[in-house]
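Visitor: Handing you a structure now.
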Amino acid sequence: MIGSVGRRGLGALALALLGLSACARPRPPERIVLIVIDTLRRDALGSYGGKIGTPALDALAASGVAVPGMTSAFHQTTASMASLFTGRTPSLETGDAAQPLPWTGETWCGLARFGAPGAPCIPASLPTLAQSLHDAGYWTIGIISNELMHAPSGFGRGFDDLVEVGGLPEPGTPPWRARSWKRVHPAATSAIDRRLGDHFFLYVHYMDVHDYGERGDHYEDGVREADAAVGALLDHLKERGLYEGSVIVVTGDHGEHLGEKHPPFPNRALELHYGNPSYEELLAVPLLVSPRSALSGEPPHTTQELHAWLLRLAGAQPDPPRGAEPAADELYVSELAYRTYRRDGWKSAFDRSQDRVLLFDLAHDPNEQQDLSATRPDVVEAHRRRVDELTRELAASGARRAAISAEERARLEALGYLEPSEALKQP
């Protein structure tokens, strides 16, 4: 038996170990800077083998980590960013696989299941990333240049200093000009310079890659513009003595089709980021984290994991899951025309309007060229059962607005998703 002295000795040892553990726990950084580059594919950056010149982003990766395998939650901004801001999986499900929710400003965050009909795109019941970081003691600054994220969407909730760049342009003014990085940059630097302290969270969203087509440029030109934007922002932080002590995180909200061809469209070169289904070039995004010491343990590989990682980095606890969520090793993309699912290297896409399914073995066919649905019915059936389950678990209840509003239409037109008086494309 252990005597009283022995027990006291063990207790002292345990307290000492607990003290060491507390000391070993990293302190939250003074600053967290989250940069989102709209429509940025992972393979566009030199740190991932890309051929486009991206010196600022490549230097950032060299000072930190270019995380492999980062996957966006959705092929479109509002849903992917809502997932980053809340940690939830976007869903357009109603419980009936053939009848997804209508695509409106009420539903296009994919979070309608958390709010009553008529609620904002991010319902008030869900705490946002900015709210949580504000509660953790950070002064929160948001520079939002994607019109679909402007008020009253709910994306601005929790920011102490919020600037919405762009918006609906004056007639005759190209929309892209109002939201270019040359407008975003002074908004960001002004907000940094009027901060109330040096302990802050800064979120900046750049649209220059997204707008390459609107400007008449090539995709590569948009990537170079975004790289210049990041370089200018980091230079400003360095000039103000705010770079050291900051953790810099750069990612994309989703990728882009650049002429790839896939089944069931073998003769059609796909463009833009409409998804349906979401092939990997739409979902594979970069994740750069600097300095390297900010990453410990397994890095985040999904939008939802990135949300939780950012909170833990700040010393905050992620909001516990409410309702069903896909498992950590699953990806579910609830799209208007398809239900896309990925697990264990297999990826399936179930057409909502007919009994057609695509199946790809990503380990041996990463470019998704060979549909194996006819030869692997066992995988198809397993995926179908799980997808049907998720369709029920992620469903929103209650009636939703069936048409977009005039203001939503104008925002979609400004972003190139709609031509004037044209029926809504599937973004």
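Residue numbering restarts at 1 in every chain; chains get A, B, ... in the order shown in the structure tokens, and ligands count up from 1 in that same order.
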Could you pull out all residues of stretch 45-114 of chain A with a DSSP call of helix (DSSP H, G or I) and give them as a VMD selection string?

Guide: chain A and resid 46 to 48 55 to 63 77 to 86 112 to 114

Visitor: Please report, as a list of chain:residue names, each residue of stretch 214-332 of chain A to which DSSP assigns strand (DSSP E) when run on this structure's backbone.

Guide: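 Result set for stretch 214-332 of chain A (strand (DSSP E)): A:Ser246, A:Val247, A:Ile248, A:Val249, A:Val250, A:Thr251, A:Gly252, A:His257, A:Leu258, A:Glu271, A:Leu272, A:Leu287, A:Leu288, A:Val289, A:Ser290, A:Glu330, A:Leu331, A:Tyr332.
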
Visitor: Pull the closest atom pair for each residue of stretch 222-318 of chain A that gets at most 9 Å from stretch 366-385 of chain A, along with the distance in Å to one decimal, counting only C-alpha atoms, ordering rows by chain and then ascending residue number, as CSV.

Guide:
residue,atom,partner,partner_atom,distance
A:Glu260,CA,A:Asn367,CA,8.9
A:Lys261,CA,A:Gln369,CA,7.8
A:His262,CA,A:Gln369,CA,5.5
A:Pro263,CA,A:Gln369,CA,6.4
A:Pro264,CA,A:Asp371,CA,8.4
A:Pro266,CA,A:Gln369,CA,8.6
A:Tyr279,CA,A:Glu368,CA,7.4
A:Glu280,CA,A:Asn367,CA,7.4
A:Glu281,CA,A:Asn367,CA,8.5

Visitor: Next, dump the selected residues to file, keeping only N, CA, C and O atoms, as a compact mmCIF listing (two decimals), in the first residue's frame.

Guide:
# COMPACT_ATOMS: atom_id res chain seq x y z
N GLU A 260 -12.04 21.47 -68.10
CA GLU A 260 -11.98 20.02 -67.89
C GLU A 260 -13.24 19.34 -68.44
O GLU A 260 -14.31 19.94 -68.50
N LYS A 261 -13.07 18.09 -68.82
CA LYS A 261 -14.19 17.28 -69.30
C LYS A 261 -14.33 16.06 -68.41
O LYS A 261 -13.33 15.44 -68.01
N HIS A 262 -15.57 15.71 -68.07
CA HIS A 262 -15.85 14.59 -67.18
C HIS A 262 -17.11 13.87 -67.66
O HIS A 262 -17.99 14.49 -68.27
N PRO A 263 -17.24 12.58 -67.31
CA PRO A 263 -18.54 11.95 -67.46
C PRO A 263 -19.52 12.66 -66.52
O PRO A 263 -19.12 13.06 -65.42
N PRO A 264 -20.78 12.85 -66.90
CA PRO A 264 -21.41 12.37 -68.13
C PRO A 264 -21.36 13.40 -69.25
O PRO A 264 -22.23 13.40 -70.13
N PRO A 266 -18.66 14.09 -71.62
CA PRO A 266 -17.32 13.85 -72.17
C PRO A 266 -16.93 14.80 -73.28
O PRO A 266 -15.74 14.96 -73.57
N TYR A 279 -17.01 18.39 -59.27
CA TYR A 279 -15.78 17.65 -59.50
C TYR A 279 -14.66 18.26 -58.65
O TYR A 279 -14.80 19.36 -58.09
N GLU A 280 -13.55 17.56 -58.57
CA GLU A 280 -12.51 17.92 -57.62
C GLU A 280 -11.90 19.29 -57.89
O GLU A 280 -11.47 19.96 -56.96
N GLU A 281 -11.86 19.75 -59.14
CA GLU A 281 -11.26 21.06 -59.38
C GLU A 281 -12.10 22.19 -58.77
O GLU A 281 -11.61 23.31 -58.59

Visitor: Figure out the distance between atom CA of A:Gly197 and atom CA of A:Trp139, please, to one decimal in Å.

Guide: 7.3 Å

Visitor: What is the atom CA of A:Arg409 to atom CA of A:Pro90 distance in Å?

Guide: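 It comes out at 21.4 Å.
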
Visitor: Neighbouring residues of stretch 216-220 of chain A were defined as those with any atom within 12 Å, considering only C-alpha atoms; residues of the same chain fewer than 3 positions away were excluded. Please report them as a ChimeraX atom specification.

Guide: /A:38-41,43-45,50-54,174,176,208-213,223-227,255-259,271-272

Visitor: Using only C-alpha atoms, which residue out of A:Arg113, A:Arg42, A:His364, A:Arg31 lies closest to A:Ala395?

Guide: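 Among the listed residues, A:Arg113 lies closest to A:Ala395.
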
Visitor: Which residues come within 7 Å of stretch 82-85 of chain A, counting only C-alpha atoms, excluding same-chain residues fewer than 4 positions away, as a list in words?

Guide: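 Result of the neighbour search: Ala73, Thr78, Thr89, Pro90, Cys109, Ile122, Thr128, Leu129, Thr303, Gln304, Leu306 and His307 of chain A.
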
Visitor: Those residues with C-alpha atoms, as an mmCIF file, in the first residue's frame please?

Guide:
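Now in part07.cif:
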data_model
loop_
_atom_site.group_PDB
_atom_site.id
_atom_site.type_symbol
_atom_site.label_atom_id
_atom_site.label_comp_id
_atom_site.auth_asym_id
_atom_site.auth_seq_id
_atom_site.Cartn_x
_atom_site.Cartn_y
_atom_site.Cartn_z
ATOM 1 C CA ALA A 73 -17.534 22.444 -48.332
ATOM 2 C CA THR A 78 -22.309 31.702 -49.777
ATOM 3 C CA THR A 89 -22.240 21.361 -43.527
ATOM 4 C CA PRO A 90 -24.297 23.249 -46.149
ATOM 5 C CA CYS A 109 -25.946 29.523 -47.283
ATOM 6 C CA ILE A 122 -26.841 32.541 -41.614
ATOM 7 C CA THR A 128 -20.343 32.987 -36.308
ATOM 8 C CA LEU A 129 -16.562 32.774 -36.382
ATOM 9 C CA THR A 303 -13.885 23.909 -44.376
ATOM 10 C CA GLN A 304 -15.663 22.645 -41.265
ATOM 11 C CA LEU A 306 -10.782 24.893 -40.525
ATOM 12 C CA HIS A 307 -13.537 26.660 -38.580
#

Visitor: Go ahead and compute the interatomic distance for atom CA of A:Trp346 and atom CA of A:Phe265, in Å to one decimal.

Guide: 19.6 Å

Visitor: Could you check the closest approach to A:Glu214 for each of A:Gly137, A:Pro175, A:Gly345, A:Pro186 and tell me which residue wins, using only C-alpha atoms?

Guide: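 Counting only C-alpha atoms, the residue closest to A:Glu214 is A:Pro175.
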
Visitor: Write out as a PDB file with N, CA and C atoms, in the first residue's frame each polymer residue whose atoms come within 12 Å of A:Gly323, counting only C-alpha atoms; drop sequence neighbours fewer than 3 positions from it.

Guide:
ATOM      1  N   ARG A  88     -20.649  24.303 -39.993  1.00  0.00           N
ATOM      2  CA  ARG A  88     -21.725  23.378 -40.361  1.00  0.00           C
ATOM      3  C   ARG A  88     -21.632  22.978 -41.830  1.00  0.00           C
ATOM      4  N   THR A  89     -22.196  21.840 -42.150  1.00  0.00           N
ATOM      5  CA  THR A  89     -22.240  21.361 -43.527  1.00  0.00           C
ATOM      6  C   THR A  89     -23.413  21.997 -44.265  1.00  0.00           C
ATOM      7  N   LEU A 111     -27.928  26.687 -44.702  1.00  0.00           N
ATOM      8  CA  LEU A 111     -28.148  26.550 -43.262  1.00  0.00           C
ATOM      9  C   LEU A 111     -29.609  26.753 -42.877  1.00  0.00           C
ATOM     10  N   ARG A 113     -31.846  24.773 -42.253  1.00  0.00           N
ATOM     11  CA  ARG A 113     -32.353  23.855 -41.219  1.00  0.00           C
ATOM     12  C   ARG A 113     -32.177  24.411 -39.815  1.00  0.00           C
ATOM     13  N   PHE A 114     -31.374  25.466 -39.662  1.00  0.00           N
ATOM     14  CA  PHE A 114     -31.133  26.044 -38.344  1.00  0.00           C
ATOM     15  C   PHE A 114     -31.990  27.277 -38.073  1.00  0.00           C
ATOM     16  N   PRO A 320     -20.576  23.051 -29.950  1.00  0.00           N
ATOM     17  CA  PRO A 320     -20.850  21.622 -30.140  1.00  0.00           C
ATOM     18  C   PRO A 320     -21.861  21.401 -31.252  1.00  0.00           C
ATOM     19  N   PRO A 326     -22.153  15.098 -41.263  1.00  0.00           N
ATOM     20  CA  PRO A 326     -21.349  14.004 -41.792  1.00  0.00           C
ATOM     21  C   PRO A 326     -20.150  13.731 -40.891  1.00  0.00           C
ATOM     22  N   LEU A 390     -28.318  11.000 -45.125  1.00  0.00           N
ATOM     23  CA  LEU A 390     -27.954  12.404 -44.966  1.00  0.00           C
ATOM     24  C   LEU A 390     -29.024  13.337 -45.527  1.00  0.00           C
ATOM     25  N   ARG A 392     -32.138  12.922 -45.323  1.00  0.00           N
ATOM     26  CA  ARG A 392     -33.142  13.071 -44.261  1.00  0.00           C
ATOM     27  C   ARG A 392     -32.598  13.859 -43.075  1.00  0.00           C
ATOM     28  N   GLU A 393     -31.355  13.581 -42.692  1.00  0.00           N
ATOM     29  CA  GLU A 393     -30.806  14.186 -41.474  1.00  0.00           C
ATOM     30  C   GLU A 393     -30.507  15.678 -41.637  1.00  0.00           C
ATOM     31  N   LEU A 394     -30.175  16.104 -42.836  1.00  0.00           N
ATOM     32  CA  LEU A 394     -29.788  17.495 -43.061  1.00  0.00           C
ATOM     33  C   LEU A 394     -30.922  18.325 -43.655  1.00  0.00           C
ATOM     34  N   ALA A 395     -32.153  17.854 -43.530  1.00  0.00           N
ATOM     35  CA  ALA A 395     -33.298  18.514 -44.159  1.00  0.00           C
ATOM     36  C   ALA A 395     -33.780  19.701 -43.340  1.00  0.00           C
ATOM     37  N   ALA A 396     -34.223  20.742 -44.057  1.00  0.00           N
ATOM     38  CA  ALA A 396     -34.883  21.886 -43.435  1.00  0.00           C
ATOM     39  C   ALA A 396     -36.383  21.643 -43.442  1.00  0.00           C
TER      40      ALA A 396
END

Visitor: Between A:Pro29, A:Gly118, A:Pro318, A:Gly166, which one has atoms that come closest to A:Ile248, using only C-alpha atoms?

Guide: A:Pro29

Visitor: List the spatial neighbours of A:Ala187 as an mmCIF file with N, CA, C and O atoms, in the first residue's frame - criterion: any atom at most 12 Å away, only C-alpha atoms, same-chain residues fewer than 2 positions off excluded.

Guide:
data_model
loop_
_atom_site.group_PDB
_atom_site.id
_atom_site.type_symbol
_atom_site.label_atom_id
_atom_site.label_comp_id
_atom_site.auth_asym_id
_atom_site.auth_seq_id
_atom_site.Cartn_x
_atom_site.Cartn_y
_atom_site.Cartn_z
ATOM 1 N N ILE A 141 -12.254 42.410 -37.298
ATOM 2 C CA ILE A 141 -12.331 43.282 -38.476
ATOM 3 C C ILE A 141 -12.716 42.429 -39.679
ATOM 4 O O ILE A 141 -12.079 41.403 -39.951
ATOM 5 N N GLY A 142 -13.726 42.829 -40.422
ATOM 6 C CA GLY A 142 -14.155 42.104 -41.608
ATOM 7 C C GLY A 142 -14.201 43.003 -42.827
ATOM 8 O O GLY A 142 -14.810 44.084 -42.783
ATOM 9 N N ILE A 143 -13.545 42.573 -43.907
ATOM 10 C CA ILE A 143 -13.577 43.298 -45.183
ATOM 11 C C ILE A 143 -14.190 42.351 -46.196
ATOM 12 O O ILE A 143 -13.546 41.419 -46.684
ATOM 13 N N ILE A 144 -15.466 42.561 -46.529
ATOM 14 C CA ILE A 144 -16.229 41.630 -47.355
ATOM 15 C C ILE A 144 -16.488 42.261 -48.716
ATOM 16 O O ILE A 144 -17.128 43.314 -48.807
ATOM 17 N N SER A 145 -16.011 41.605 -49.774
ATOM 18 C CA SER A 145 -16.147 42.180 -51.116
ATOM 19 C C SER A 145 -17.014 41.339 -52.041
ATOM 20 O O SER A 145 -17.110 41.652 -53.230
ATOM 21 N N ASP A 161 -15.648 45.868 -36.524
ATOM 22 C CA ASP A 161 -15.447 46.835 -37.608
ATOM 23 C C ASP A 161 -15.670 46.080 -38.917
ATOM 24 O O ASP A 161 -14.859 45.235 -39.299
ATOM 25 N N LEU A 162 -16.766 46.377 -39.579
ATOM 26 C CA LEU A 162 -17.139 45.677 -40.812
ATOM 27 C C LEU A 162 -17.192 46.671 -41.964
ATOM 28 O O LEU A 162 -17.818 47.727 -41.859
ATOM 29 N N VAL A 163 -16.514 46.319 -43.068
ATOM 30 C CA VAL A 163 -16.559 47.138 -44.276
ATOM 31 C C VAL A 163 -17.033 46.259 -45.427
ATOM 32 O O VAL A 163 -16.433 45.214 -45.707
ATOM 33 N N GLU A 164 -18.101 46.667 -46.090
ATOM 34 C CA GLU A 164 -18.605 45.955 -47.261
ATOM 35 C C GLU A 164 -18.147 46.717 -48.501
ATOM 36 O O GLU A 164 -18.588 47.834 -48.766
ATOM 37 N N VAL A 165 -17.235 46.116 -49.233
ATOM 38 C CA VAL A 165 -16.661 46.740 -50.423
ATOM 39 C C VAL A 165 -17.458 46.287 -51.645
ATOM 40 O O VAL A 165 -17.848 45.121 -51.746
ATOM 41 N N GLY A 166 -17.668 47.175 -52.581
ATOM 42 C CA GLY A 166 -18.375 46.811 -53.797
ATOM 43 C C GLY A 166 -19.843 47.175 -53.688
ATOM 44 O O GLY A 166 -20.207 48.336 -53.597
ATOM 45 N N ALA A 178 -15.494 47.899 -58.772
ATOM 46 C CA ALA A 178 -15.830 48.364 -57.422
ATOM 47 C C ALA A 178 -15.362 47.411 -56.337
ATOM 48 O O ALA A 178 -15.283 47.804 -55.172
ATOM 49 N N ARG A 179 -15.060 46.151 -56.686
ATOM 50 C CA ARG A 179 -14.649 45.190 -55.670
ATOM 51 C C ARG A 179 -13.232 44.656 -55.909
ATOM 52 O O ARG A 179 -12.841 43.670 -55.310
ATOM 53 N N SER A 180 -12.469 45.297 -56.787
ATOM 54 C CA SER A 180 -11.112 44.839 -57.050
ATOM 55 C C SER A 180 -10.247 45.029 -55.807
ATOM 56 O O SER A 180 -10.579 45.797 -54.900
ATOM 57 N N TRP A 181 -9.097 44.361 -55.785
ATOM 58 C CA TRP A 181 -8.246 44.453 -54.601
ATOM 59 C C TRP A 181 -7.744 45.868 -54.382
ATOM 60 O O TRP A 181 -7.422 46.249 -53.246
ATOM 61 N N LYS A 182 -7.735 46.678 -55.429
ATOM 62 C CA LYS A 182 -7.291 48.055 -55.272
ATOM 63 C C LYS A 182 -8.323 48.901 -54.520
ATOM 64 O O LYS A 182 -8.003 49.992 -54.042
ATOM 65 N N ARG A 183 -9.567 48.392 -54.405
ATOM 66 C CA ARG A 183 -10.561 48.993 -53.517
ATOM 67 C C ARG A 183 -10.552 48.305 -52.152
ATOM 68 O O ARG A 183 -10.772 48.952 -51.121
ATOM 69 N N VAL A 184 -10.315 47.010 -52.159
ATOM 70 C CA VAL A 184 -10.293 46.257 -50.901
ATOM 71 C C VAL A 184 -9.101 46.669 -50.046
ATOM 72 O O VAL A 184 -9.209 46.808 -48.814
ATOM 73 N N HIS A 185 -7.949 46.874 -50.680
ATOM 74 C CA HIS A 185 -6.728 47.146 -49.920
ATOM 75 C C HIS A 185 -6.833 48.398 -49.048
ATOM 76 O O HIS A 185 -6.536 48.331 -47.840
ATOM 77 N N THR A 189 -6.504 48.388 -44.967
ATOM 78 C CA THR A 189 -5.456 49.112 -44.252
ATOM 79 C C THR A 189 -6.037 50.194 -43.353
ATOM 80 O O THR A 189 -5.537 50.426 -42.245
ATOM 81 N N SER A 190 -7.109 50.841 -43.796
ATOM 82 C CA SER A 190 -7.752 51.853 -42.951
ATOM 83 C C SER A 190 -8.338 51.216 -41.703
ATOM 84 O O SER A 190 -8.233 51.773 -40.596
ATOM 85 N N ALA A 191 -8.956 50.040 -41.866
ATOM 86 C CA ALA A 191 -9.527 49.353 -40.711
ATOM 87 C C ALA A 191 -8.431 48.904 -39.746
ATOM 88 O O ALA A 191 -8.587 48.980 -38.525
ATOM 89 N N ILE A 192 -7.318 48.430 -40.294
ATOM 90 C CA ILE A 192 -6.189 48.041 -39.437
ATOM 91 C C ILE A 192 -5.689 49.254 -38.653
ATOM 92 O O ILE A 192 -5.427 49.178 -37.440
ATOM 93 N N ASP A 193 -5.579 50.378 -39.326
ATOM 94 C CA ASP A 193 -5.005 51.558 -38.692
ATOM 95 C C ASP A 193 -5.946 52.197 -37.669
ATOM 96 O O ASP A 193 -5.489 52.961 -36.807
ATOM 97 N N ARG A 194 -7.239 51.914 -37.731
ATOM 98 C CA ARG A 194 -8.141 52.479 -36.726
ATOM 99 C C ARG A 194 -8.522 51.452 -35.647
ATOM 100 O O ARG A 194 -9.435 51.679 -34.863
ATOM 101 N N LEU A 202 -8.495 39.573 -38.293
ATOM 102 C CA LEU A 202 -8.769 40.271 -39.550
ATOM 103 C C LEU A 202 -9.166 39.262 -40.610
ATOM 104 O O LEU A 202 -8.435 38.300 -40.860
ATOM 105 N N TYR A 203 -10.332 39.471 -41.203
ATOM 106 C CA TYR A 203 -10.789 38.652 -42.334
ATOM 107 C C TYR A 203 -10.898 39.545 -43.561
ATOM 108 O O TYR A 203 -11.573 40.581 -43.536
ATOM 109 N N VAL A 204 -10.216 39.150 -44.644
ATOM 110 C CA VAL A 204 -10.252 39.905 -45.897
ATOM 111 C C VAL A 204 -10.614 38.950 -47.029
ATOM 112 O O VAL A 204 -10.014 37.874 -47.150
ATOM 113 N N HIS A 205 -11.576 39.345 -47.852
ATOM 114 C CA HIS A 205 -12.056 38.527 -48.971
ATOM 115 C C HIS A 205 -11.714 39.245 -50.270
ATOM 116 O O HIS A 205 -12.086 40.413 -50.466
ATOM 117 N N TYR A 206 -11.007 38.551 -51.155
ATOM 118 C CA TYR A 206 -10.613 39.134 -52.454
ATOM 119 C C TYR A 206 -11.371 38.454 -53.586
ATOM 120 O O TYR A 206 -11.508 37.225 -53.609
ATOM 121 N N LEU A 233 -1.053 43.522 -48.571
ATOM 122 C CA LEU A 233 -1.615 43.460 -47.220
ATOM 123 C C LEU A 233 -0.552 43.051 -46.202
ATOM 124 O O LEU A 233 -0.430 43.652 -45.122
#

Visitor: So that I can see what lies close to A:Val333, please list as a PyMOL selection string the residues with an atom at most 8 Å from it, counting only C-alpha atoms and leaving out residues fewer than 5 positions away in the same chain.

Guide: chain A and resi 73-74+90-91+278+339-341

Visitor: Which of these residues is nearest to A:Glu305, using only C-alpha atoms: A:Tyr338, A:Asp329, A:Glu30, A:Val289?

Guide: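 Result for the nearest residue to A:Glu305: A:Asp329.
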